[in-house]
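What follows is one structure encoded as structure tokens, with my remarks underneath.
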Number of protein chains: 2
Amino acid sequence: MTNQPKRVYALILAGGAGTRFWPASRAARPKQLLPLLGAEPLLRETALRVLPLCAGDIGGDATPGWERILIASGRHLVAPTASILPELPAENLLAEPSPRNTAPCIGWAAAIVARRDPEAVLMVLPSDHHIGDPERFRQVLSVAVESAASGVITTIGIRPTHPETGYGYIEVDAEAAAGGGRPEPLKGLRFVEKPDRARAEEFLKSGRFFWNAGMFFFRAKDMLDAIRAKLPSLASGLDAFDQAAAEGRELEEVARLFPGLPSVSIDKGVMEHVDRLAVVPGDFGWSDIGSWLSAWELAAKDEHGNAAPSGSVFVDARRNHVVDLRPRAEGSKRVIALVGVEDLVVVETDDALLVVPKDRAQDVREVVEQLRSRGDGDLI
Amino acid sequence: MTNQPKRVYALILAGGAGTRFWPASRAARPKQLLPLLGAEPLLRETALRVLPLCAGDIGGDATPGWERILIASGRHLVAPTASILPELPAENLLAEPSPRNTAPCIGWAAAIVARRDPEAVLMVLPSDHHIGDPERFRQVLSVAVESAASGVITTIGIRPTHPETGYGYIEVDAEAAAGGGRPEPLKGLRFVEKPDRARAEEFLKSGRFFWNAGMFFFRAKDMLDAIRAKLPSLASGLDAFDQAAAEGRELEEVARLFPGLPSVSIDKGVMEHVDRLAVVPGDFGWSDIGSWLSAWELAAKDEHGNAAPSGSVFVDARRNHVVDLRPRAEGSKRVIALVGVEDLVVVETDDALLVVPKDRAQDVREVVEQLRSRGDGDLI
């Protein structure tokens, strides 16, 4: 194909904070840094999942890939983020001096990539999602990359499985064909914010609405053009970054200007306004692991539905989710035993224990509030 | 009173093992060594509770008391038992070389006391019960001591509050007067083993049956006479202990002979056969803390019925019992948070966590069985 890119970069957005997974997730150890479902932290799983795309499978060259992965995160997360990604070149970890939503850091990444190769395609991906079928995921992404390489800003739409009111939607101009073949990009009509229940049910029925999973694909130069058209104050900042980079003082300039950039999401700031948008239907077992309940649904379970560290003991206990994040000394033994309980989440860290029914897990935020108001911020 | 004893000794039976309170109670840390209800281990609370009786309040002399407290325990429990009773003279900790039920160790203690003063009264007391009203407890015990000092083997009967099928009963020859005055000893007719539900209800209705709480009172010489009459093989062993003690080699002789002594309870071996038995009604808030449920009933609770370490966080959680026995480093913080759960027992130790509904706590034995059968004996 004439539009096949020589280079594919990934920008993984890993600045997320949040208390939904307290006490597992903490201010200094947010969800993406946790091994919520497997042996690896979600961010590392994300990076490893897309590494083959960046390593030249598509572009045709044979670089190992890590130098084409960019990670955006907050300053206070640089150390723990770097420690789970030892292969990542230090300069590829973009530390946002202050949180300004997604548009500024995506713009910054686009500027960095454009300096190397304005034709390169950049994939923007969340760091804390679960992908059930990574092979299919890469196949769908390669279609999105091709679409982007042709100059069309592209996103992935997740086919809805239920009338979810917690996600944004993307409307396309035709029903997508279901099935496992190579997906065709559809024409995107508009982004829709989180709907109420009735609209969500309409969306589901229509077959023309997809969930917005926050994955975006574009040539670096196309995103910079779009930002210049839609977010001129951000474009000015990025110009200043380029100028400073040429003088070897980019990080100082970022530190100085970033906090003043417009705090806006890429969805609202750019995507909703682009003239041509392509949507590639994604069917690869996607979940944003939004709660302990969905973590349990995705986790490996025994025949009674219990997800737990090996060695746990269950007596007449069903559908529980046990997470043990305590550091373990070599050779030390430890057991978690649940007797006669159902549908509980039990989370152990070295300084906290949480017991909550799976369907009440969202109320954990009240625990966090109590700890905050009594001055136990170090437990949050 | 002419029969008032010059000396009162206590023998506290602290050899108990058991898994009902796993993971709090362990082979090397049975229930009596645990602070199940307060700041002090139950055994230490028991010793401190009776210390005033042994310190001469009744006998009229003014010794500090600890030298008249004897503790019977198993060999493997000597070190942890001694460590919670630093005031106890080492020779007062009677280590049974092997478990032979209660008659041999009570006989041994009677022999030791008789060598010092055959007229002295010995109180035999369990180590792991809760007494709600220690002042009343001592008042009742002083009546039992007086009764025993007159030459009548005496026990305490707990007035039943419900048709319990888990305790033995003692029948007396008349209904006891209720009320808070100085209790009168009643004439005991017989010991009855754990009844079925129907009989337990009859017992409760009759007003002439008391719970056997395993507390016995006698002059040392009276118990030795009773043993000589009813358990001659035990009497021979005790004679050999006396002989060896005179030669300064008692412990060697105990080690040699104790495992061959008849393994029988003092109830069955002696009490059921004595000609005269006095029963003092006891009304001092007694509980044998037989389960996590009764531990919770006795524990201090917040307005929602939660018993927990200070600093625990409860959100819409009621009637839970949280026990944290993990060693805590100075200044370290730790929180246990329960959200949306009711009537749970949550027990933390440094190597185990248990979650079980209060009314299922007896099923903890199945956890212990699973651990045993998979070779995790060190977690039991």
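Just so we're on the same page: first chain in the structure tokens is A, next is B, and so on; residues restart at 1 for each chain, and ligands are numbered from 1 in the order they show up.
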Kindly determine which residues of chain B lie within 10 Å of chain A, considering only C-alpha atoms, and give the answer as a PyMOL selection string.
-> chain B and resi 23+311-317+332-341+344+346-368+370-371+374+376+378-379
DSSP-assigned strand (DSSP E or B) members of range 41-153 of chain A, reported as a list in words =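 Checking each residue of range 41-153 of chain A, the strand (DSSP E or B) ones are Ile69, Leu70, Ile71, Ala72, Ser73, Gly74, Leu93, Leu94, Ala95, Glu96, Val121, Leu122, Met123, Val124, Leu125, Pro126, His130, Ile131 and Ile153 of chain A.
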For Val145 in chain A, list every protein, DNA or RNA residue within 7 Å, evaluated using only C-alpha atoms, and leave out those in the same chain fewer than 3 positions away; present the list as an MDAnalysis selection string.
-> chainID A and resid 121 141:142 148:149 217
Dump N, CA and C atoms for the selected residues as a compact mmCIF listing (two decimals), in the first residue's frame?
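Result file out_29.txt:
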```txt
# COMPACT_ATOMS: atom_id res chain seq x y z
N VAL A 121 3.02 7.21 12.05
CA VAL A 121 1.70 7.08 12.68
C VAL A 121 1.88 6.91 14.18
N LEU A 141 -5.70 -3.09 15.27
CA LEU A 141 -4.87 -1.89 15.32
C LEU A 141 -4.12 -1.67 14.01
N SER A 142 -3.73 -2.75 13.37
CA SER A 142 -2.99 -2.55 12.12
C SER A 142 -3.88 -1.95 11.04
N ALA A 148 -4.93 5.53 9.37
CA ALA A 148 -4.29 6.77 9.79
C ALA A 148 -3.19 7.17 8.82
N ALA A 149 -2.47 6.17 8.33
CA ALA A 149 -1.36 6.46 7.42
C ALA A 149 -1.85 7.09 6.12
N PHE A 217 -5.57 7.14 16.38
CA PHE A 217 -4.51 6.82 15.44
C PHE A 217 -4.42 7.95 14.42
```
Please, what distance in Å, to one decimal, runs between CA of Gly285 in chain B and CA of Ala200 in chain B?
->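 Answer for the CA of Gly285 in chain B to CA of Ala200 in chain B separation: 20.2 Å.
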Find the spatial neighbours of Asp117 in chain A, counting only C-alpha atoms, within a cut-off of 8 Å - ignore same-chain residues fewer than 4 positions away - and output them as an mmCIF file with C-alpha atoms, in the first residue's frame.
```cif
data_model
loop_
_atom_site.group_PDB
_atom_site.id
_atom_site.type_symbol
_atom_site.label_atom_id
_atom_site.label_comp_id
_atom_site.auth_asym_id
_atom_site.auth_seq_id
_atom_site.Cartn_x
_atom_site.Cartn_y
_atom_site.Cartn_z
ATOM 1 C CA ARG A 7 7.237 4.030 11.411
ATOM 2 C CA VAL A 113 7.323 12.136 16.851
ATOM 3 C CA ALA A 220 1.975 13.076 13.649
#
```
Mind giving me the straight-line distance from CA of Ala229 in chain B to CA of Gly107 in chain B in Å, one decimal?
->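 CA of Ala229 in chain B sits 12.7 Å away from CA of Gly107 in chain B.
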What residues in range 103-143 of chain B get the DSSP label helix (DSSP H, G or I)? Please answer as a PyMOL selection string.
-> chain B and resi 103-116+134-143
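CA of Leu231 in chain A to CA of Ile153 in chain A spans 16.0 Å [interatomic distance, one decimal].
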Contacts of Pro99 in chain B at 10 Å (only C-alpha atoms; same-chain gap of 4+ positions) as an MDAnalysis selection string | chainID B and resid 15:16 73:75 95 104:105 258:259 263
Can you pull out every residue within 12 Å of Gln243 in chain A, counting only C-alpha atoms, but drop anything in the same chain fewer than 4 positions away, and send it as a list in words?
->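 The contact residues come out as Ala111, Ile112, Arg115, Ser236, Gly237, Leu238, Asp239, Glu247, Gly248, Arg249, Glu250, Leu251, Glu252, Glu253 and Val254 of chain A.
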Save out the residues we just selected, all heavy atoms, as a short mmCIF file (atom, residue, chain, number, x, y, z; two decimals), in the first residue's frame.
```cif
data_model
loop_
_atom_site.label_atom_id
_atom_site.label_comp_id
_atom_site.auth_asym_id
_atom_site.auth_seq_id
_atom_site.Cartn_x
_atom_site.Cartn_y
_atom_site.Cartn_z
N ALA A 111 4.30 16.19 18.60
CA ALA A 111 5.41 17.08 18.24
C ALA A 111 6.74 16.34 18.28
O ALA A 111 7.58 16.48 17.38
CB ALA A 111 5.42 18.29 19.19
N ILE A 112 6.91 15.55 19.32
CA ILE A 112 8.17 14.79 19.45
C ILE A 112 8.33 13.83 18.27
O ILE A 112 9.39 13.74 17.65
CB ILE A 112 8.17 14.01 20.79
CG1 ILE A 112 8.31 14.98 21.97
CG2 ILE A 112 9.30 12.97 20.81
CD1 ILE A 112 8.10 14.33 23.33
N ARG A 115 9.12 15.52 14.90
CA ARG A 115 10.52 15.93 14.70
C ARG A 115 11.34 14.80 14.09
O ARG A 115 12.26 15.03 13.32
CB ARG A 115 11.15 16.30 16.04
CG ARG A 115 10.72 17.66 16.56
CD ARG A 115 11.29 17.89 17.96
NE ARG A 115 10.26 18.48 18.81
CZ ARG A 115 10.18 18.28 20.13
NH1 ARG A 115 11.06 17.50 20.74
NH2 ARG A 115 9.23 18.85 20.81
N SER A 236 0.56 26.85 19.79
CA SER A 236 1.64 27.80 20.13
C SER A 236 2.59 27.20 21.14
O SER A 236 3.83 27.33 21.04
CB SER A 236 1.07 29.09 20.73
OG SER A 236 0.11 29.63 19.86
N GLY A 237 2.03 26.53 22.14
CA GLY A 237 2.87 25.87 23.15
C GLY A 237 3.76 24.83 22.50
O GLY A 237 4.96 24.74 22.79
N LEU A 238 3.18 24.04 21.60
CA LEU A 238 3.96 22.98 20.97
C LEU A 238 5.07 23.57 20.10
O LEU A 238 6.18 23.04 20.03
CB LEU A 238 3.04 22.07 20.14
CG LEU A 238 1.94 21.35 20.95
CD1 LEU A 238 1.10 20.47 20.01
CD2 LEU A 238 2.54 20.51 22.08
N ASP A 239 4.77 24.69 19.44
CA ASP A 239 5.82 25.39 18.67
C ASP A 239 6.98 25.78 19.58
O ASP A 239 8.15 25.63 19.23
CB ASP A 239 5.24 26.65 18.01
CG ASP A 239 4.31 26.30 16.84
OD1 ASP A 239 4.38 25.14 16.35
OD2 ASP A 239 3.52 27.17 16.43
N GLU A 247 17.10 23.75 20.82
CA GLU A 247 18.16 24.38 21.63
C GLU A 247 18.56 23.52 22.82
O GLU A 247 19.27 23.97 23.73
CB GLU A 247 17.67 25.75 22.11
CG GLU A 247 17.41 26.72 20.95
CD GLU A 247 16.54 27.90 21.36
OE1 GLU A 247 16.29 28.07 22.58
OE2 GLU A 247 16.09 28.64 20.45
N GLY A 248 18.02 22.29 22.88
CA GLY A 248 18.41 21.37 23.95
C GLY A 248 17.84 21.72 25.31
O GLY A 248 18.41 21.34 26.33
N ARG A 249 16.72 22.44 25.34
CA ARG A 249 16.16 22.80 26.65
C ARG A 249 14.64 22.57 26.65
O ARG A 249 13.88 23.33 27.24
CB ARG A 249 16.48 24.26 27.00
CG ARG A 249 16.17 25.24 25.88
CD ARG A 249 16.36 26.69 26.26
NE ARG A 249 15.80 27.53 25.21
CZ ARG A 249 14.49 27.85 25.12
NH1 ARG A 249 13.64 27.45 26.03
NH2 ARG A 249 14.05 28.58 24.11
N GLU A 250 14.23 21.44 26.05
CA GLU A 250 12.80 21.18 25.93
C GLU A 250 12.12 21.01 27.28
O GLU A 250 11.04 21.56 27.54
CB GLU A 250 12.56 19.93 25.07
CG GLU A 250 11.06 19.63 24.92
CD GLU A 250 10.78 18.48 23.96
OE1 GLU A 250 11.69 17.66 23.71
OE2 GLU A 250 9.64 18.40 23.46
N LEU A 251 12.76 20.23 28.18
CA LEU A 251 12.07 19.93 29.44
C LEU A 251 11.86 21.18 30.29
O LEU A 251 10.83 21.31 30.96
CB LEU A 251 12.83 18.85 30.22
CG LEU A 251 12.85 17.47 29.53
CD1 LEU A 251 13.50 16.43 30.42
CD2 LEU A 251 11.44 17.04 29.12
N GLU A 252 12.81 22.10 30.25
CA GLU A 252 12.63 23.35 30.98
C GLU A 252 11.42 24.11 30.43
O GLU A 252 10.61 24.66 31.18
CB GLU A 252 13.88 24.25 30.88
CG GLU A 252 15.13 23.75 31.58
CD GLU A 252 15.99 22.86 30.69
OE1 GLU A 252 15.42 22.00 29.96
OE2 GLU A 252 17.22 23.00 30.73
N GLU A 253 11.31 24.12 29.08
CA GLU A 253 10.21 24.85 28.46
C GLU A 253 8.87 24.18 28.76
O GLU A 253 7.86 24.85 29.02
CB GLU A 253 10.44 24.93 26.95
CG GLU A 253 9.54 25.90 26.22
CD GLU A 253 9.89 27.38 26.49
OE1 GLU A 253 10.64 27.63 27.45
OE2 GLU A 253 9.41 28.25 25.73
N VAL A 254 8.89 22.85 28.76
CA VAL A 254 7.66 22.11 29.11
C VAL A 254 7.25 22.45 30.55
O VAL A 254 6.08 22.71 30.83
CB VAL A 254 7.87 20.59 28.93
CG1 VAL A 254 6.72 19.81 29.56
CG2 VAL A 254 7.99 20.25 27.44
#
```
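For Cys54 in chain B, the set of protein, DNA and RNA residues having any atom at most 6 Å away, when counting only C-alpha atoms and skipping those fewer than 5 positions along the same chain, is Val8, Tyr9 and Gly65 of chain B.
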Using C-alpha atoms, can you write the selected residues to a file as a short mmCIF file (atom, residue, chain, number, x, y, z; two decimals), in the first residue's frame?
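selection-v2.cif, written as the output of this step:
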```cif
data_model
loop_
_atom_site.label_atom_id
_atom_site.label_comp_id
_atom_site.auth_asym_id
_atom_site.auth_seq_id
_atom_site.Cartn_x
_atom_site.Cartn_y
_atom_site.Cartn_z
CA VAL B 8 -5.63 -20.52 99.74
CA TYR B 9 -3.95 -21.76 96.59
CA GLY B 65 -0.06 -14.22 96.26
#
```
